[in-house]
>>> print(open('my_file.csv').read())   # CSV, C-alpha atoms and all ligand atoms
chain,number,residue,atom,x,y,z
Y,6,MET,CA,16.8,5.5,18.9
Y,7,VAL,CA,16.1,6.3,15.2
Y,8,LYS,CA,18.8,8.4,13.7
Y,9,GLU,CA,18.2,12.0,12.6
Y,10,ILE,CA,17.2,12.7,9.0
Y,11,GLU,CA,20.1,13.6,6.8
Y,12,ILE,CA,19.6,14.7,3.2
Y,13,VAL,CA,22.7,14.3,1.0
Y,14,SER,CA,23.7,16.4,-2.0
Y,15,GLU,CA,22.8,13.7,-4.4
Y,16,GLU,CA,20.2,11.3,-3.1
Y,17,ARG,CA,20.3,7.8,-4.6
Y,18,VAL,CA,16.9,6.1,-4.9
Y,19,ALA,CA,15.8,2.5,-4.7
Y,20,VAL,CA,12.3,1.3,-5.2
Y,21,ILE,CA,11.7,-1.9,-3.2
Y,22,GLY,CA,8.8,-3.7,-5.1
Y,23,SER,CA,7.7,-3.9,-8.7
Y,24,GLY,CA,4.1,-4.9,-8.6
Y,25,ASN,CA,1.3,-2.9,-10.2
Y,26,TRP,CA,1.7,0.2,-8.0
Y,27,GLY,CA,5.4,-0.4,-7.5
Y,28,THR,CA,6.0,-0.2,-11.2
Y,29,VAL,CA,3.9,3.0,-11.6
Y,30,VAL,CA,5.9,4.6,-8.8
Y,31,ALA,CA,9.2,3.6,-10.4
Y,32,ARG,CA,8.1,5.2,-13.7
Y,33,ILE,CA,7.3,8.5,-11.8
Y,34,VAL,CA,10.6,8.4,-9.8
Y,35,GLY,CA,12.6,7.5,-12.9
Y,36,ARG,CA,11.4,10.7,-14.7
Y,37,ASN,CA,11.7,12.9,-11.6
Y,38,VAL,CA,15.3,12.1,-10.8
Y,39,LYS,CA,16.3,13.3,-14.2
Y,40,ARG,CA,14.5,16.7,-13.6
Y,41,TYR,CA,16.4,17.5,-10.4
Y,42,ALA,CA,20.1,17.8,-9.8
Y,43,ASP,CA,19.8,16.7,-6.2
Y,44,PHE,CA,19.0,13.1,-7.2
Y,45,HIS,CA,21.3,10.6,-8.8
Y,46,PRO,CA,19.9,9.9,-12.3
Y,47,GLU,CA,19.8,6.1,-11.9
Y,48,VAL,CA,17.0,4.4,-9.9
Y,49,LYS,CA,17.3,0.7,-8.9
Y,50,MET,CA,14.0,-1.2,-8.6
Y,51,TRP,CA,14.1,-4.5,-6.6
Y,52,VAL,CA,12.1,-7.2,-8.4
Y,53,PHE,CA,11.0,-10.4,-6.8
Y,54,GLU,CA,12.4,-12.6,-9.6
Y,55,GLU,CA,10.1,-14.9,-11.6
Y,56,LEU,CA,10.1,-16.5,-14.9
Y,57,ILE,CA,7.7,-15.3,-17.7
Y,58,LYS,CA,7.6,-17.9,-20.5
Y,59,GLY,CA,11.1,-19.0,-19.5
Y,60,ARG,CA,12.6,-15.5,-19.3
Y,61,LYS,CA,13.6,-13.7,-16.1
Y,62,LEU,CA,11.3,-10.8,-15.4
Y,63,THR,CA,14.3,-8.5,-14.5
Y,64,GLU,CA,15.8,-9.3,-18.0
Y,65,ILE,CA,12.6,-8.5,-19.7
Y,66,ILE,CA,12.2,-5.2,-17.8
Y,67,ASN,CA,15.8,-4.2,-18.5
Y,68,GLN,CA,15.6,-5.1,-22.2
Y,69,GLN,CA,12.0,-4.1,-23.1
Y,70,HIS,CA,11.6,-1.4,-20.4
Y,71,GLU,CA,8.2,-2.7,-19.6
Y,72,ASN,CA,6.9,-4.8,-16.7
Y,73,VAL,CA,5.0,-7.2,-18.9
Y,74,LYS,CA,3.4,-9.0,-15.9
Y,75,TYR,CA,2.3,-6.3,-13.5
Y,76,LEU,CA,2.0,-3.2,-15.7
Y,77,PRO,CA,1.8,-4.3,-19.3
Y,78,GLY,CA,1.5,-1.6,-21.9
Y,79,PHE,CA,3.5,1.2,-20.2
Y,80,LYS,CA,7.1,2.0,-20.8
Y,81,ILE,CA,9.5,2.3,-17.9
Y,82,PRO,CA,12.2,5.0,-18.3
Y,83,GLU,CA,15.6,3.4,-19.2
Y,84,ASN,CA,17.3,4.9,-16.1
Y,85,VAL,CA,15.2,2.5,-13.9
Y,86,VAL,CA,17.2,-0.7,-13.6
Y,87,ALA,CA,15.5,-3.9,-12.4
Y,88,VAL,CA,17.7,-5.7,-9.9
Y,89,PRO,CA,16.8,-9.2,-8.6
Y,90,ASP,CA,19.1,-9.1,-5.5
Y,91,LEU,CA,17.6,-7.0,-2.7
Y,92,LEU,CA,21.0,-6.0,-1.2
Y,93,ASP,CA,22.4,-5.0,-4.6
Y,94,ALA,CA,19.3,-2.9,-5.2
Y,95,THR,CA,19.5,-1.0,-1.9
Y,96,ARG,CA,23.2,-0.9,-0.8
Y,97,ASP,CA,23.9,2.6,-2.0
Y,98,ALA,CA,20.5,4.1,-1.7
Y,99,THR,CA,19.8,7.0,0.6
Y,100,SER,CA,16.1,7.2,-0.3
Y,101,LEU,CA,14.3,3.9,0.0
Y,102,ILE,CA,10.7,3.5,-1.3
Y,103,PHE,CA,9.0,0.5,0.1
Y,104,VAL,CA,6.0,-0.6,-2.1
Y,105,VAL,CA,5.4,-4.3,-1.5
Y,106,PRO,CA,2.3,-6.3,-0.4
Y,107,HIS,CA,2.4,-5.9,3.4
Y,108,GLN,CA,2.7,-9.7,4.1
Y,109,PHE,CA,6.2,-9.6,2.6
Y,110,LEU,CA,7.6,-6.5,4.3
Y,111,HIS,CA,8.8,-8.0,7.6
Y,112,ASP,CA,10.9,-10.5,5.8
Y,113,ILE,CA,12.3,-7.9,3.4
Y,114,CYS,CA,13.3,-5.7,6.3
Y,115,ASN,CA,15.0,-8.6,8.1
Y,116,GLN,CA,17.1,-9.2,5.0
Y,117,LEU,CA,18.1,-5.5,5.0
Y,118,LYS,CA,18.8,-5.3,8.7
Y,119,GLY,CA,22.2,-3.6,9.3
Y,120,ARG,CA,22.8,-3.4,5.6
Y,121,THR,CA,21.3,-0.1,4.5
Y,122,HIS,CA,23.3,3.1,3.8
Y,123,PRO,CA,24.1,5.1,6.9
Y,124,LYS,CA,22.2,8.1,5.6
Y,125,ALA,CA,19.2,6.1,4.3
Y,126,LYS,CA,15.7,7.3,5.0
Y,127,ALA,CA,12.5,5.6,3.9
Y,128,ILE,CA,9.0,6.1,2.7
Y,129,SER,CA,6.4,3.3,3.0
Y,130,LEU,CA,3.6,3.1,0.3
Y,131,VAL,CA,2.5,-0.2,1.7
Y,132,LYS,CA,-1.2,-0.6,2.7
Y,133,GLY,CA,-1.7,-3.0,5.6
Y,134,PHE,CA,-0.6,-3.6,9.1
Y,135,ASN,CA,0.5,-6.4,11.4
Y,136,THR,CA,-1.1,-7.0,14.8
Y,137,THR,CA,-0.3,-8.6,18.1
Y,138,ASP,CA,-3.0,-9.5,20.6
Y,139,SER,CA,-2.3,-6.2,22.3
Y,140,GLY,CA,-2.6,-3.9,19.3
Y,141,ILE,CA,-1.4,-2.9,15.9
Y,142,GLN,CA,2.0,-2.7,14.4
Y,143,PRO,CA,2.0,-0.2,11.5
Y,144,MET,CA,4.2,-1.0,8.5
Y,145,SER,CA,6.2,2.2,9.1
Y,146,GLN,CA,6.9,1.0,12.6
Y,147,VAL,CA,8.2,-2.4,11.2
Y,148,ILE,CA,10.6,-0.5,9.0
Y,149,GLU,CA,11.7,1.9,11.7
Y,150,ASP,CA,12.1,-0.8,14.3
Y,151,ILE,CA,14.1,-3.2,12.2
Y,152,LEU,CA,16.2,-0.8,10.1
Y,153,GLN,CA,16.4,2.1,12.6
Y,154,LEU,CA,15.5,4.6,9.8
Y,155,PRO,CA,13.3,7.7,9.8
Y,156,VAL,CA,10.1,6.7,7.9
Y,157,CYS,CA,7.4,8.7,6.0
Y,158,THR,CA,4.3,7.2,4.6
Y,159,LEU,CA,2.4,7.8,1.4
Y,160,SER,CA,-1.2,6.7,0.8
Y,161,GLY,CA,-4.1,8.0,-1.2
Y,162,ALA,CA,-6.9,7.5,-3.7
Y,163,ASN,CA,-4.5,5.9,-6.1
Y,164,ILE,CA,-5.6,3.1,-8.4
Y,165,ALA,CA,-2.3,2.4,-10.1
Y,166,ASN,CA,-3.4,2.0,-13.7
Y,167,GLU,CA,-5.2,5.3,-13.7
Y,168,ILE,CA,-2.0,7.0,-12.5
Y,169,ALA,CA,0.0,5.2,-15.1
Y,170,GLU,CA,-2.4,6.8,-17.6
Y,171,GLU,CA,-1.6,10.2,-16.1
Y,172,ARG,CA,-5.2,10.9,-15.0
Y,173,PHE,CA,-5.3,13.6,-12.3
Y,174,SER,CA,-5.0,12.2,-8.8
Y,175,GLU,CA,-4.1,13.2,-5.3
Y,176,THR,CA,-2.2,11.5,-2.5
Y,177,THR,CA,-1.0,12.2,1.0
Y,178,ILE,CA,2.4,12.0,2.6
Y,179,GLY,CA,2.6,11.6,6.4
Y,180,TYR,CA,5.9,12.8,7.9
Y,181,LYS,CA,7.5,13.1,11.3
Y,182,PHE,CA,10.4,15.3,10.0
Y,183,ARG,CA,9.0,17.9,7.6
Y,184,GLU,CA,12.3,18.0,5.6
Y,185,GLU,CA,11.9,14.3,4.9
Y,186,GLY,CA,8.3,14.8,3.8
Y,187,GLU,CA,9.3,17.6,1.4
Y,188,LEU,CA,12.1,15.4,0.0
Y,189,PHE,CA,9.8,12.6,-0.9
Y,190,LYS,CA,7.2,15.0,-2.2
Y,191,LYS,CA,9.7,16.3,-4.7
Y,192,LEU,CA,10.7,12.8,-5.7
Y,193,LEU,CA,7.2,11.5,-6.2
Y,194,GLU,CA,5.0,14.5,-7.3
Y,195,THR,CA,4.0,15.2,-10.9
Y,196,HIS,CA,1.5,17.6,-12.5
Y,197,TYR,CA,-1.1,14.8,-12.6
Y,198,PHE,CA,-0.2,13.3,-9.2
Y,199,ARG,CA,-0.5,16.0,-6.5
Y,200,ILE,CA,0.8,15.4,-3.0
Y,201,GLY,CA,-0.5,16.9,0.2
Y,202,ILE,CA,1.7,16.5,3.3
Y,203,VAL,CA,0.6,16.1,6.9
Y,204,ASN,CA,2.5,15.6,10.2
Y,205,ASP,CA,0.9,12.2,10.8
Y,206,VAL,CA,2.9,9.2,9.6
Y,207,VAL,CA,0.7,6.5,11.1
Y,208,GLY,CA,-2.7,8.1,10.6
Y,209,VAL,CA,-2.0,8.2,6.9
Y,210,GLU,CA,-1.0,4.6,6.5
Y,211,LEU,CA,-3.7,3.2,8.8
Y,212,CYS,CA,-6.4,4.8,6.6
Y,213,GLY,CA,-4.8,3.1,3.7
Y,214,ALA,CA,-4.9,-0.3,5.4
Y,215,LEU,CA,-8.4,-0.1,6.8
Y,216,LYS,CA,-10.1,1.2,3.6
Y,217,ASN,CA,-9.2,-2.2,2.0
Y,218,VAL,CA,-11.5,-3.9,4.4
Y,219,ILE,CA,-14.3,-1.4,3.7
Y,220,ALA,CA,-13.7,-2.1,0.0
Y,221,VAL,CA,-14.3,-5.8,0.6
Y,222,GLY,CA,-17.6,-4.8,2.2
Y,223,ALA,CA,-18.5,-2.7,-0.8
Y,224,GLY,CA,-17.7,-5.5,-3.2
Y,225,ILE,CA,-20.0,-7.8,-1.2
Y,226,ILE,CA,-22.8,-5.3,-1.6
Y,227,ASP,CA,-22.1,-5.1,-5.3
Y,228,GLY,CA,-22.2,-8.9,-5.5
Y,229,LEU,CA,-25.5,-9.0,-3.8
Y,230,LYS,CA,-26.8,-6.3,-6.3
Y,231,MET,CA,-28.2,-4.2,-3.5
Y,232,GLY,CA,-27.6,-0.9,-5.3
Y,233,ASP,CA,-26.1,2.5,-4.4
Y,234,ASN,CA,-28.0,3.4,-1.2
Y,235,THR,CA,-26.9,0.2,0.5
Y,236,LYS,CA,-23.3,0.7,-0.7
Y,237,ALA,CA,-23.3,4.2,0.6
Y,238,ALA,CA,-24.5,2.9,4.0
Y,239,ILE,CA,-21.7,0.4,4.1
Y,240,ILE,CA,-19.2,3.1,3.2
Y,241,ARG,CA,-20.5,5.4,5.9
Y,242,ILE,CA,-20.4,2.7,8.6
Y,243,GLY,CA,-17.0,1.7,7.4
Y,244,VAL,CA,-15.6,5.2,7.6
Y,245,LEU,CA,-16.9,5.5,11.2
Y,246,GLU,CA,-15.4,2.2,12.2
Y,247,MET,CA,-12.1,3.2,10.5
Y,248,LYS,CA,-11.9,6.5,12.3
Y,249,SER,CA,-12.9,5.0,15.6
Y,250,PHE,CA,-10.4,2.1,15.3
Y,251,ILE,CA,-7.5,4.4,14.3
Y,252,GLN,CA,-8.1,6.9,17.1
Y,253,ARG,CA,-8.5,4.1,19.7
Y,254,PHE,CA,-5.2,2.4,18.8
Y,255,TYR,CA,-3.2,5.3,17.7
Y,256,LYS,CA,-3.5,8.4,19.9
Y,257,GLY,CA,-1.6,10.7,17.5
Y,258,ALA,CA,-4.1,10.5,14.6
Y,259,LYS,CA,-5.2,13.9,13.5
Y,260,ASP,CA,-8.8,14.6,12.4
Y,261,GLU,CA,-7.6,16.4,9.2
Y,262,THR,CA,-6.0,13.2,8.0
Y,263,PHE,CA,-9.4,11.6,7.4
Y,264,PHE,CA,-10.2,14.3,4.9
Y,265,GLN,CA,-7.0,14.1,3.0
Y,266,SER,CA,-6.7,11.9,-0.1
Y,267,CYS,CA,-5.5,9.0,2.2
Y,268,GLY,CA,-8.9,9.1,4.1
Y,269,LEU,CA,-12.3,9.5,2.6
Y,270,ALA,CA,-11.1,9.8,-1.0
Y,271,ASP,CA,-9.3,6.5,-0.9
Y,272,VAL,CA,-12.3,4.7,0.6
Y,273,ILE,CA,-14.4,6.0,-2.3
Y,274,THR,CA,-12.0,5.0,-5.1
Y,275,SER,CA,-11.3,1.6,-3.6
Y,276,CYS,CA,-15.1,0.9,-3.1
Y,277,TYR,CA,-15.7,1.6,-6.8
Y,278,GLY,CA,-12.5,0.7,-8.6
Y,279,GLY,CA,-10.2,-1.5,-6.5
Y,280,ARG,CA,-9.1,-5.1,-6.7
Y,281,ASN,CA,-10.5,-5.9,-3.2
Y,282,ARG,CA,-13.9,-4.7,-4.3
Y,283,ARG,CA,-13.8,-6.7,-7.5
Y,284,ILE,CA,-12.7,-10.0,-5.8
Y,285,ALA,CA,-15.3,-9.6,-3.1
Y,286,GLU,CA,-18.0,-9.1,-5.7
Y,287,ALA,CA,-16.8,-12.2,-7.5
Y,288,HIS,CA,-16.8,-14.2,-4.2
Y,289,VAL,CA,-20.5,-13.4,-3.8
Y,290,VAL,CA,-21.4,-14.2,-7.4
Y,291,THR,CA,-19.3,-17.5,-7.7
Y,292,GLY,CA,-19.1,-18.7,-4.1
Y,293,LYS,CA,-15.3,-19.3,-4.7
Y,294,SER,CA,-12.9,-18.4,-1.9
Y,295,PHE,CA,-10.9,-15.1,-1.9
Y,296,GLU,CA,-7.7,-17.1,-2.2
Y,297,GLN,CA,-8.8,-19.0,-5.3
Y,298,LEU,CA,-10.2,-15.9,-6.9
Y,299,GLU,CA,-7.0,-14.0,-6.3
Y,300,LYS,CA,-5.1,-16.7,-8.1
Y,301,GLU,CA,-7.6,-16.9,-10.9
Y,302,LEU,CA,-8.2,-13.3,-11.6
Y,303,LEU,CA,-5.3,-11.2,-10.5
Y,304,ASN,CA,-2.3,-12.8,-12.3
Y,305,GLY,CA,0.1,-12.6,-9.3
Y,306,GLN,CA,-1.2,-9.3,-7.9
Y,307,LYS,CA,-2.1,-9.5,-4.2
Y,308,LEU,CA,-5.1,-8.6,-2.1
Y,309,GLN,CA,-4.5,-6.7,1.1
Y,310,GLY,CA,-8.1,-6.5,2.4
Y,311,PRO,CA,-8.8,-10.1,3.5
Y,312,LEU,CA,-5.5,-10.3,5.4
Y,313,THR,CA,-6.1,-7.0,7.0
Y,314,ALA,CA,-9.6,-8.1,8.0
Y,315,LYS,CA,-7.9,-11.1,9.7
Y,316,GLU,CA,-5.3,-9.0,11.5
Y,317,LEU,CA,-8.0,-6.6,12.6
Y,318,ASN,CA,-10.2,-9.4,14.0
Y,319,ARG,CA,-7.3,-10.7,16.0
Y,320,VAL,CA,-7.2,-7.5,17.9
Y,321,LEU,CA,-10.9,-6.9,18.1
Y,322,SER,CA,-11.7,-10.4,19.4
Y,323,HIS,CA,-8.8,-10.4,21.8
Y,324,LYS,CA,-10.0,-7.1,23.3
Y,325,GLY,CA,-13.7,-8.0,23.3
Y,326,LEU,CA,-14.5,-5.2,20.8
Y,327,GLU,CA,-16.3,-7.1,18.0
Y,328,ASP,CA,-19.6,-5.6,18.9
Y,329,GLU,CA,-18.2,-2.1,18.5
Y,330,TYR,CA,-16.9,-2.9,15.1
Y,331,LYS,CA,-19.8,-4.8,13.6
Y,332,LEU,CA,-19.0,-4.2,9.9
Y,333,PHE,CA,-15.3,-5.1,10.2
Y,334,THR,CA,-16.4,-8.2,12.1
Y,335,ALA,CA,-19.1,-9.2,9.6
Y,336,ILE,CA,-16.6,-8.9,6.7
Y,337,TYR,CA,-14.1,-11.1,8.6
Y,338,ARG,CA,-16.7,-13.7,9.1
Y,339,ILE,CA,-17.8,-13.7,5.5
Y,340,VAL,CA,-14.2,-14.0,4.3
Y,341,TYR,CA,-12.9,-16.5,6.8
Y,342,GLU,CA,-15.8,-18.2,8.5
Y,343,GLY,CA,-18.2,-18.9,5.7
Y,344,LEU,CA,-20.9,-16.5,6.9
Y,345,PRO,CA,-23.3,-16.2,3.9
Y,346,PRO,CA,-22.8,-12.7,2.4
Y,347,ARG,CA,-26.5,-11.7,2.8
Y,348,LYS,CA,-26.1,-12.1,6.6
Y,349,ILE,CA,-24.0,-8.9,6.6
Y,350,PHE,CA,-27.2,-7.0,7.3
Y,351,ASP,CA,-28.1,-9.0,10.4
Y,352,GLN,CA,-24.7,-8.4,11.8
Y,353,ILE,CA,-24.5,-4.6,11.4
Y,354,VAL,CA,-27.9,-3.6,12.8
X,401,LIG,N1,-2.1,-1.5,-7.2
X,401,LIG,C1,-2.7,-0.4,-6.7
X,401,LIG,O1,-3.5,0.2,-7.3
X,401,LIG,C2,-2.2,0.1,-5.4
X,401,LIG,C3,-1.5,-0.6,-4.5
X,401,LIG,N2,-1.1,-0.1,-3.3
X,401,LIG,C4,-0.4,-0.9,-2.3
X,401,LIG,O2,1.0,-1.1,-2.7
X,401,LIG,C5,1.5,-2.3,-2.2
X,401,LIG,C6,2.1,-3.1,-3.3
X,401,LIG,O3,1.1,-3.4,-4.2
X,401,LIG,P1,1.4,-3.6,-5.8
X,401,LIG,O4,2.6,-2.8,-6.2
X,401,LIG,O5,0.1,-3.2,-6.4
X,401,LIG,O6,1.7,-5.2,-5.9
X,401,LIG,P2,0.9,-6.3,-6.7
X,401,LIG,O7,-0.2,-6.8,-5.9
X,401,LIG,O8,0.5,-5.8,-8.1
X,401,LIG,O9,2.0,-7.4,-7.0
X,401,LIG,C7,2.4,-8.3,-6.0
X,401,LIG,C8,3.9,-8.1,-5.9
X,401,LIG,O10,4.4,-9.0,-4.9
X,401,LIG,C9,5.6,-9.6,-5.4
X,401,LIG,N3,5.8,-10.9,-4.6
X,401,LIG,C10,5.2,-12.1,-4.8
X,401,LIG,N4,5.7,-13.0,-3.9
X,401,LIG,C11,6.6,-12.3,-3.1
X,401,LIG,C12,7.4,-12.6,-2.0
X,401,LIG,N5,7.4,-13.9,-1.5
X,401,LIG,N6,8.2,-11.7,-1.5
X,401,LIG,C13,8.2,-10.4,-2.0
X,401,LIG,N7,7.5,-10.0,-3.1
X,401,LIG,C14,6.7,-11.0,-3.6
X,401,LIG,C15,5.3,-9.8,-6.8
X,401,LIG,O11,6.5,-10.0,-7.5
X,401,LIG,C16,4.7,-8.5,-7.2
X,401,LIG,O12,5.7,-7.5,-7.4
X,401,LIG,C17,0.3,-3.0,-1.5
X,401,LIG,O13,0.3,-2.8,-0.1
X,401,LIG,C18,-0.9,-2.3,-2.1
X,401,LIG,O14,-2.0,-2.3,-1.2
X,401,LIG,C19,-1.3,1.2,-3.0
X,401,LIG,C20,-1.9,2.0,-3.9
X,401,LIG,C21,-2.4,1.6,-5.1
X,402,LIG,O1,-5.1,1.2,-2.8
X,402,LIG,C1,-5.7,1.2,-3.8
X,402,LIG,C2,-6.3,2.4,-4.4
X,402,LIG,O2,-5.9,3.6,-3.6
X,402,LIG,C3,-5.8,0.0,-4.6
X,402,LIG,O3,-6.8,-0.8,-4.0
X,402,LIG,P1,-6.9,-2.4,-4.4
X,402,LIG,O4,-5.7,-3.1,-3.8
X,402,LIG,O5,-8.2,-2.8,-3.8
X,402,LIG,O6,-6.9,-2.4,-5.9
>>> encode(input="my_file.csv", output="structure tokens")
Amino acid sequence: MVKEIEIVSEERVAVIGSGNWGTVVARIVGRNVKRYADFHPEVKMWVFEELIKGRKLTEIINQQHENVKYLPGFKIPENVVAVPDLLDATRDATSLIFVVPHQFLHDICNQLKGRTHPKAKAISLVKGFNTTDSGIQPMSQVIEDILQLPVCTLSGANIANEIAEERFSETTIGYKFREEGELFKKLLETHYFRIGIVNDVVGVELCGALKNVIAVGAGIIDGLKMGDNTKAAIIRIGVLEMKSFIQRFYKGAKDETFFQSCGLADVITSCYGGRNRRIAEAHVVTGKSFEQLEKELLNGQKLQGPLTAKELNRVLSHKGLEDEYKLFTAIYRIVYEGLPPRKIFDQIV
């Protein structure tokens, strides 16, 4: 039984993750905690430690106030402290913000098991999910199951660098307890980053996970130089498969969620501006694997689309549903089974 949400008079915040999006979020939160008396003015940011030209990334961040690897060119407020030890970063925190690539979340939660603050609550900004043969395991569920915390989700049309540049964007928080949704909205909203909240924790995050697979499809079309009509067709088919999959495997998903920033808007931005789109295009043009291109072109940043396509296919194939999700299946085959990209059209008609 997950404990009730309890908001304390001075919430202490930890950001778990410091990649491209994680660092943008830490900058926002670092500024917001100074605006409101109900947050402690220091934010701890857990950093997966690595050496940059012989110097520790945490030391660079704490001295230069810049994440030179994952968000170069943007200052981080001085009240955001980079911490290499996960338990040190989170021990006192009552508000935990999870923003790591989804493949690392399970391990991180296991390290935190039984060691979080008794009044801790969490929000997951992670886009991805795990699967078993029988179904899906959303990331919010992983956090809730292992840490026994109430968990919100945040997902939206949010290319990190554009938000770092303070260009107007929207996002969506999914909540179970409205009070918790409102708390995280206060902590994360700015005049250029507007937050809508919906009572649908899992629907919000599953849109964020599945749009990454559609973005791989859009990148394949870009690589084939098929033009905008074809790309629009792939987006349309992708949105239908996304909605059908979510409503099949998660009965609580609300129709309105698909029209929030986490739904259609994120599909659009990711199919035009995201990393998954870019690497898929490069795959078609160069013939190199996604894994190799991720290493060559992303400087440590991680793709979520190919792994999610694999997780997805595990469920679809196990349940005999590949024919109902032809686009998702074609994308999986291109990424993992060497299907020539041009064959995508034979697969989806
Ligand atoms: N970058 C973006 O524009 C957006 C990303 N997201 C989502 O946010 C989540 C985090 O992505 P980003 O912050 O962009 O990260 P990123 O992809 O930029 O960076 C990868 C991060 O993983 C860390 N890492 C590497 N190996 C690790 C390990 N073994 N254990 C733990 N951490 C390790 C790296 O230190 C780095 O912080 C993902 O689910 C992504 O889909 C959501 C919205 C926008
Ligand atoms: O989630 C994102 C935009 O909302 C970022 O997508 P990519 O990981 O494809 O860059």
>>> residues_around(input="my_file.csv", residues="His323 (chain Y)", least_positions_apart="2", cutoff="12 Å", atoms="all atoms listed in the file", output="VMD selection string")
chain Y and resid 136 to 140 316 to 321 325 to 327
>>> residues_near_ligand(input="my_file.csv", ligand="ligand LIG 401 (chain X)", cutoff="6 Å", atoms="only C-alpha atoms and all ligand atoms", output="ChimeraX atom specification")
/Y:22-27,53,75,104-107,109,130-132,163-165,305-307,309
>>> residues_near_ligand(input="my_file.csv", ligand="ligand LIG 402 (chain X)", cutoff="7 Å", atoms="only C-alpha atoms and all ligand atoms", output="ChimeraX atom specification")
/Y:132,161-165,213,217,220,271,274-275,278-282,308-309
>>> closest_residue(input="my_file.csv", among="Y:Ala237, Y:Leu76, Y:Val209, Y:Ile219", to="Asp260 (chain Y)", atoms="all atoms listed in the file")
Y:Val209
>>> residues_near_point(input="my_file.csv", point="(-6.7, 6.0, 4.1)", cutoff="7 Å", atoms="only C-alpha atoms", output="list in words")
Ser160, Gly161, Val209, Glu210, Leu211, Cys212, Gly213, Ala214, Leu215, Lys216, Cys267, Gly268, Leu269, Asp271 and Val272 of chain Y
>>> atom_distance(input="my_file.csv", atom1="CA of Arg283 (chain Y)", atom2="CA of Ser174 (chain Y)")
20.9 Å
>>> atom_distance(input="my_file.csv", atom1="CA of Ile239 (chain Y)", atom2="CA of Tyr337 (chain Y)")
14.5 Å
>>> closest_residue(input="my_file.csv", among="Y:Met144, Y:Val48, Y:Val30, Y:Leu91", to="Arg120 (chain Y)", atoms="only C-alpha atoms")
Y:Leu91
>>> residues_around(input="my_file.csv", residues="region 55-65 of chain Y", least_positions_apart="2", cutoff="10 Å", atoms="all atoms listed in the file", output="ChimeraX atom specification")
/Y:23,50-53,67-74,86-89
>>> closest_residue(input="my_file.csv", among="Y:Ser100, Y:Leu245, Y:His288, Y:Ala314", to="Leu188 (chain Y)", atoms="only C-alpha atoms")
Y:Ser100
>>> atom_distance(input="my_file.csv", atom1="CA of Asp43 (chain Y)", atom2="CA of Ala19 (chain Y)")
14.8 Å
>>> residues_around(input="my_file.csv", residues="Val340 (chain Y)", least_positions_apart="3", cutoff="8 Å", atoms="only C-alpha atoms", output="NGL selection string")
:Y and (294-295 or 311 or 336-337 or 343-344)
>>> closest_residue(input="my_file.csv", among="Y:Glu261, Y:Glu194, Y:Glu15, Y:Glu187", to="Asn37 (chain Y)", atoms="all atoms listed in the file")
Y:Glu194
